[in-house]
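What follows is a single structure, written as structure tokens, with notes after it.
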Amino acid sequence: MEWHTKTVDDILKLLNTSKNGLTEDEAEKRLKKYGPNLIAKKRRLDPFKILARQFTSFLVLLLVFAAFISFLIGAELDAMVISAIVVLNAALGFFQEYRAEKALEALKKLAAPKAKVLRDGKLQVLDAEKLVPGDIITFEEGDILPADIRIFEAMDLKIDEAVLTGESIPSLKITQKLPERTTLADRENMGYSATVVTYGRGRGIVVATGMQTEFGKIAQSIQKIEEKPTPLSIRLRSLGIWLGVLVLSFSAVIFSVGAIVTKEIYESFMIAIALAVSAVPEGLPAIVTICLALGVKKMANRNAIVRKLASVETLGCATLIATDKTGTLTKNEMTVKKIFVNDKVLEVTGSGYEPVGKILENKKEVKKSKELSLLFEIACLCNHASLKKDKEWYVVGDPTEGSLLVAAAKFGIWKEKLEKDYPVIAEIPFSSERKMMTTTHKIRGKFYSYSKGAPEVIIRNSKFIAENSKVNKFSEKEKEKMLKIVSQFASQALRVLAFGYKEVTQAKDISKTVEKDFVFVGFVGMIDPPRLEVKEAVEKCKQAGIKVIMITGDHELTARAIGKEIGMESKYSITGAELNELSDKELEKVVEKATIYARTSAEHKERILEALRKRGHVIAMTGDGVNDAPAVKRADIGIAMGIKGSDVTREASHMVLADDNFATIVNAVEEGRGIYDNIRKFVRFLLAVNFDEIFLILSAIVLGTVGIIEGGIILPLLPLQILWINLLTDGLPALALSADPYDPRVMERKPRSRKEGIFHKMLLFILIAGLINFITCLTIFLFGLEKFGTGEFGINKTRTMVFTLAVFFELFFVFNCRSERHSVFKIGVGGNRKLLLAVFVSILFQLLVIYLPPLQIAFKTVPLGLVDWLIILSLSSAGLLVLPEIFMK
């Protein structure tokens with residue numbers, strides 16, 4: 001129902017109610033029919049579901065299968081080690097996501113718990129959830145509207161609807177019906193659930209409750225949106241499937257060939273399983289989780305609460321950030337920026353509600369001015385707002401009036417002192433018809449009326465002008481000049497208020513004569529200013545190849561002015577009305593041209609994002625208002641504001657900014673890129689040093705089968721030795737790589753493509769490293785069998801050398817995995833103390849395995865001599881020859 005198009009009498013008839021409200025019996029019936037006035041919440045993830053989600057990765061399932069098979073064939077130690085890795089991975093992921101959910105819960109706030117309702121003709125205070133369509137409610141300054149209402153009484157009523165529409169200036173309300181095509185932001189005869197009354201009072205008819213409110217419709221729409229997998233989860237799933245298919249294929253071939261040639265089915269099965277265990281990088285899922293968790297911890301320290309681990313990495317491939325204006329790019333705190341007084345334009349420094357700044361004329365501070373003092377005196381006394389400080393400065397009341405108090409305080413004039421000295425004697429409240437407000441005060445023995453309002457009204461009703469400490473006649477020519485300056489202010493998206501005064505003879509019946517023949521004093525221009533750090537953040541995005549667009553419910557002129565100030569100046573912008581005229585295909589053609597979208601609704605935002613997605617963008621959407629929630633949910637990475645953000649938007653998001661700082665997003669992008677770089681580092685390290693083991697075992701099987709190796713098939717590595725390599729000497733350096741310092745130029749390159757695979761430019765590097773490792777291990781394997789024989793000691797000595805060579809090759813090779821552009825010879829071995837420690841610990845543990853008797857028995861190793869070590873170190877140092885500048889192109 002288009003309630004804004006109906007008269008009040010029509011709505012009363014449609015809802016079968018009256019201005020005296022419903023009876024209690026009728027309200028009870030309607031409550032049963034419509035249900036409670038509550039937003040139905042999608043059931044939050046419980047701990048069991050969060051835990052279960054940790055086991056959905058294909059790689060993890062592959063490890064579970066490997067552990068199960070190991071247990072079946074009697075390799076209990078292998079099974080326990082693999083199971084421990086799976087449990088560690090699940091625990092890390094669970095605790096991080098559960099902690100994020102708890103942190104999000106802590107941000108929740110109560111919306112509108114009470115309502116003042118007329119029932120049986122009597123005003124009652126009820127729980128808001130008991131409201132029904134047809135109820136009559138009253139509200140005043142400071143109240144949060146508990147439902148959608150059609151306003152039928154508005155006494156100087158202003159409502160802040162930024163949470164729903166993105167409009168930074170409170171909406172002045174009326175009671176008349178409006179045209180059908182009036183946009184949500186311009187429906188001045190409506191009040192919406194969760195919006196705040198900032199000025200005046202009013203009454204209205206409840207027309208929608210619960211999920212039928214505009215707030216509820218948005219909540220319902222985001223609950224229907226299915227979450228899409230992140231780029232990282234897609235890549236890791238592809239990697240897991242690729243590894244699984246490859247490993248199972250090789251294992252099947254080995255089992256078949258071995259069973260046919262040797263007729264030993266059980267032995268062939270054991271060899272196939274050993275091969276499978278050797279190929280699967282058991283530590284990979286856990287290290288990915290740890291890498292992401294480290295990134296999440298860093299982000300939490302920088303006020304970003306990440307709800308799902310993989311969301312951090314998704315930011316790393318974002319190509320576009322779509323941001324709301326009010327409260328995200330701007331402070332959502334109206335600020336006076338310019339003042340016209342005494343025929344001069346003055347600049348006001350500082351932003352927001354903190355009364356710190358200066359009044360400047362030609363860049364010099366103005367410390368004394370009779371006319372400026374008078375202007376601020378009027379601005380403070382003709383004002384219902386108040387400026388207060390808790391931990392931070394804040395405004396109680398209308399933000400526009402609050403900005404006047406802040407500007408006055410910067411000049412040393414405070415409302416509290418003025419009100420004490422010159423209390424209000426009479427008042428004519430603001431009205432949309434008169435477009436001004438007037439108060440009367442006794443000042444130094446005389447009565448004065450102080451007025452503020454629309455500049456064209458104050459100027460038109462002025463007969464005199466205050467300038468140069470005198471009061472002169474205000475000519476029509478001067479009035480035209482003033483109006484031109486007002487237009488210049490307005491063209492800069494400044495909201496303009498003018499001030500005048502008049503000496504009166506008495507305080508009684510003052511409203512009949514006071515609002516004419518003013519002495520004009522001046523006017524101010526104010527705007528909701530951008531956050532100080534936003535301009536630099538936008539510039540960083542440009543350097544990183546990330547496009548930033550603004551999608552706002554505010555006016556086009558205001559949006560363009562803010563855009564210009566923060567480095568988002570655009571020759572092409574699109575309004576909501578223009579979007580309505582474009583088909584989806586037409587929008588897709590022009591969507592790349594615009595960087596500013598103004599007067600948009602929630603539906604417009606979703607259309608814009610869908611058009612951008614079709615153009616191949618990975619989209620990060622920031623927002624705080626309820627109107628942002630659907631787009632935040634649909635974005636590849638949705639970012640909500642923690643302080644001023646709505647509960648609905650936080651529920652829809654992937655990440656919450658606890659400090660509402662847009663610049664934190666850029667830090668998150670940098671973190672995401674760095675995390676993905678580190679994931680690629682240890683992926684290429686683990687795969688390069690794992691698949692050589694496949695070919696080593698395969699070669700041994702083939703050579704033993706054809707008789708080149710005496711004694712038949714001899715495995716160069718035992719399953720437990722392979723697990724030791726994969727989990728410890730692979731795992732520790734790989735884990736250290738996950739904490740490797742990020743490339744300082746990570747934000748100077750373009751975002752990677754959504755289609756770019758995790759093996760991008762690294763396949764040759766992996767193959768060369770694996771080939772060199774395979775050749776060196778096979779060489780020492782054949783050399784050892786030839787020198788030491790195929791008896792039990794000879795085989796154990798040979799395996800010990802192969803085992804140790806494989807470990808030390810990896811420990812040399814890992815230093816060439818730290819960069820995609822430079823080898824260890826250029827970047828050195830320093831820079832990552834964790835990696836040096838990991839290499840040292842890995843060497844220590846390998847020595848223990850070789851020389852400690854209990855471990856010798858478990859791993860079937862024998863002590864190595866000096867000559868053995870010289871051979872091993874000379875061959876394993878070949879890992880330093882796999883140069884990324886050659887093989888990563």
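We name chains A, B, ... following the order of the structure tokens; residues begin at 1 in each chain, and ligands are numbered from 1 as shown.
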
I'd like to know which residues of stretch 313-557 of chain A are strand (DSSP E or B) (by DSSP, run on the backbone); could you write them as number ranges by chain? A: 320-323, 330, 335-341, 344-348, 359-361, 364-365, 386-389, 393-396, 424-431, 436-443, 446-453, 462-467, 470-473, 495-504, 518-527, 530, 547-551

Please extract the residues of stretch 363-466 of chain A with a backbone DSSP assignment of helix (DSSP H, G or I) and present them as a tab-separated table (two decimals) with N, CA and C atoms, in the first residue's frame.
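What landed in part.tsv:
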```tsv
chain	number	residue	atom	x	y	z
A	370	LYS	N	32.30	42.30	16.32
A	370	LYS	CA	31.00	42.58	16.94
A	370	LYS	C	29.89	41.83	16.21
A	371	GLU	N	29.92	41.88	14.86
A	371	GLU	CA	28.87	41.22	14.08
A	371	GLU	C	28.94	39.69	14.20
A	372	LEU	N	30.16	39.14	14.21
A	372	LEU	CA	30.30	37.69	14.34
A	372	LEU	C	29.82	37.23	15.72
A	373	SER	N	30.15	37.99	16.76
A	373	SER	CA	29.68	37.66	18.12
A	373	SER	C	28.16	37.68	18.17
A	374	LEU	N	27.57	38.68	17.50
A	374	LEU	CA	26.11	38.79	17.47
A	374	LEU	C	25.49	37.61	16.74
A	375	LEU	N	26.10	37.22	15.61
A	375	LEU	CA	25.58	36.07	14.86
A	375	LEU	C	25.60	34.81	15.71
A	376	PHE	N	26.69	34.58	16.41
A	376	PHE	CA	26.78	33.38	17.24
A	376	PHE	C	25.84	33.46	18.44
A	377	GLU	N	25.62	34.68	18.95
A	377	GLU	CA	24.67	34.85	20.07
A	377	GLU	C	23.26	34.46	19.63
A	378	ILE	N	22.89	34.88	18.42
A	378	ILE	CA	21.57	34.50	17.88
A	378	ILE	C	21.52	33.00	17.65
A	379	ALA	N	22.59	32.45	17.06
A	379	ALA	CA	22.64	31.02	16.73
A	379	ALA	C	22.50	30.16	17.99
A	380	CYS	N	23.05	30.63	19.12
A	380	CYS	CA	22.99	29.85	20.35
A	380	CYS	C	21.65	29.98	21.07
A	381	LEU	N	21.11	31.19	21.10
A	381	LEU	CA	19.87	31.41	21.85
A	381	LEU	C	18.64	30.96	21.09
A	399	PRO	N	20.96	17.93	14.52
A	399	PRO	CA	22.39	18.07	14.20
A	399	PRO	C	22.73	19.40	13.54
A	400	THR	N	21.77	19.98	12.81
A	400	THR	CA	22.02	21.29	12.20
A	400	THR	C	22.18	22.35	13.28
A	401	GLU	N	21.28	22.34	14.26
A	401	GLU	CA	21.40	23.29	15.36
A	401	GLU	C	22.65	23.02	16.18
A	402	GLY	N	22.98	21.75	16.33
A	402	GLY	CA	24.19	21.39	17.06
A	402	GLY	C	25.44	21.96	16.43
A	403	SER	N	25.48	21.96	15.09
A	403	SER	CA	26.66	22.48	14.40
A	403	SER	C	26.86	23.97	14.68
A	404	LEU	N	25.77	24.69	14.90
A	404	LEU	CA	25.87	26.13	15.22
A	404	LEU	C	26.52	26.31	16.59
A	405	LEU	N	26.18	25.45	17.54
A	405	LEU	CA	26.77	25.55	18.88
A	405	LEU	C	28.25	25.25	18.84
A	406	VAL	N	28.65	24.27	18.02
A	406	VAL	CA	30.08	23.93	17.89
A	406	VAL	C	30.85	25.10	17.31
A	407	ALA	N	30.31	25.72	16.25
A	407	ALA	CA	30.98	26.87	15.62
A	407	ALA	C	31.12	28.02	16.61
A	408	ALA	N	30.06	28.28	17.39
A	408	ALA	CA	30.11	29.36	18.38
A	408	ALA	C	31.16	29.07	19.45
A	409	ALA	N	31.24	27.80	19.86
A	409	ALA	CA	32.21	27.43	20.90
A	409	ALA	C	33.64	27.63	20.40
A	410	LYS	N	33.87	27.42	19.10
A	410	LYS	CA	35.20	27.67	18.54
A	410	LYS	C	35.60	29.14	18.66
A	415	LYS	N	26.52	28.32	24.68
A	415	LYS	CA	25.08	28.47	24.85
A	415	LYS	C	24.67	28.52	26.32
A	416	GLU	N	25.28	27.64	27.14
A	416	GLU	CA	24.88	27.53	28.54
A	416	GLU	C	24.99	28.88	29.27
A	417	LYS	N	26.06	29.62	29.03
A	417	LYS	CA	26.25	30.91	29.69
A	417	LYS	C	25.23	31.93	29.16
A	418	LEU	N	25.03	31.94	27.83
A	418	LEU	CA	24.08	32.88	27.25
A	418	LEU	C	22.66	32.64	27.77
A	419	GLU	N	22.25	31.35	27.83
A	419	GLU	CA	20.90	31.04	28.31
A	419	GLU	C	20.71	31.45	29.77
A	420	LYS	N	21.80	31.32	30.55
A	420	LYS	CA	21.70	31.72	31.96
A	420	LYS	C	21.54	33.24	32.07
A	421	ASP	N	22.26	33.96	31.22
A	421	ASP	CA	22.21	35.43	31.28
A	421	ASP	C	20.96	35.98	30.59
A	455	PRO	N	17.65	31.45	4.21
A	455	PRO	CA	18.23	32.77	3.90
A	455	PRO	C	17.33	33.67	3.07
A	456	GLU	N	16.59	33.08	2.10
A	456	GLU	CA	15.72	33.93	1.28
A	456	GLU	C	14.60	34.56	2.10
A	457	VAL	N	14.14	33.87	3.16
A	457	VAL	CA	13.07	34.39	4.01
A	457	VAL	C	13.61	35.47	4.94
A	458	ILE	N	14.74	35.20	5.59
A	458	ILE	CA	15.33	36.19	6.50
A	458	ILE	C	15.72	37.45	5.74
A	459	ILE	N	16.35	37.27	4.57
A	459	ILE	CA	16.78	38.43	3.78
A	459	ILE	C	15.57	39.23	3.30
A	460	ARG	N	14.54	38.52	2.83
A	460	ARG	CA	13.36	39.22	2.32
A	460	ARG	C	12.66	40.03	3.42
```

Would you please work out which residue, of A:Asp677, A:Gly35, A:Gly191, A:Asn20, is nearest to A:Gly121 when using only C-alpha atoms?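 Of the candidates, the smallest distance to A:Gly121 is held by A:Asn20.
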
| query | Using only C-alpha atoms, which residue out of A:Glu140, A:Glu478, A:Asp624, A:Asp135 lies closest to A:Phe520? | reply |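 Nearest to A:Phe520: A:Glu478.
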
Hey, what's within 8 Å of A:Asn342 if we count only C-alpha atoms and toss same-chain stuff fewer than 3 positions away? As number ranges by chain, please? A: 371-372, 466-468, 521-522

Can you tell me which residues surround A:Glu586 at a distance of at most 12 Å, considering only C-alpha atoms, apart from same-chain residues fewer than 5 positions away, and format the answer as a list in words?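 So the residues in contact are Glu578, Leu579, Asn580, Glu581, Val591, Glu592, Arg607, Ile608 and Ala611 of chain A.
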
Quiz item: Smallest atom-to-atom distance to A:Phe812: which of A:Ile872, A:Ser699, A:Thr776, A:Gly879, using only C-alpha atoms?
Solution: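 The answer is A:Gly879, which sits nearest to A:Phe812.
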
| field | Shell around stretch 166-177 of chain A at 6 Å using only C-alpha atoms, local window under 3 positions removed, as a list of chain:residue names | value |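 Once the adjacent positions are removed, what remains is A:His4, A:Thr5, A:Lys6, A:Thr7, A:Ile151, A:Phe152, A:Leu157, A:Lys158, A:Ile159, A:Asp160, A:Ala162, A:Glu188, A:Asn189, A:Thr326, A:Thr552, A:Gly553, A:Asp554.
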
Counting only C-alpha atoms, what is within 9 Å of A:Ser256, bar same-chain residues fewer than 5 positions away, as a ChimeraX atom specification? /A:251,261,265,268-269

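Shell of A:Phe489 at 9 Å, with only C-alpha atoms counted and residues fewer than 5 places along the chain excluded, is Lys338, Lys484, Leu494, Arg495, Val496, Val524, Gly525 and Met526 of chain A.
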
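Counting from atom CA of A:Tyr192, the distance to atom CA of A:Ser573 is 28.1 Å.
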
Among A:Ser653, A:Thr213, A:Gln488, A:Thr664, A:Phe340 is approached most closely, using only C-alpha atoms, by A:Gln488
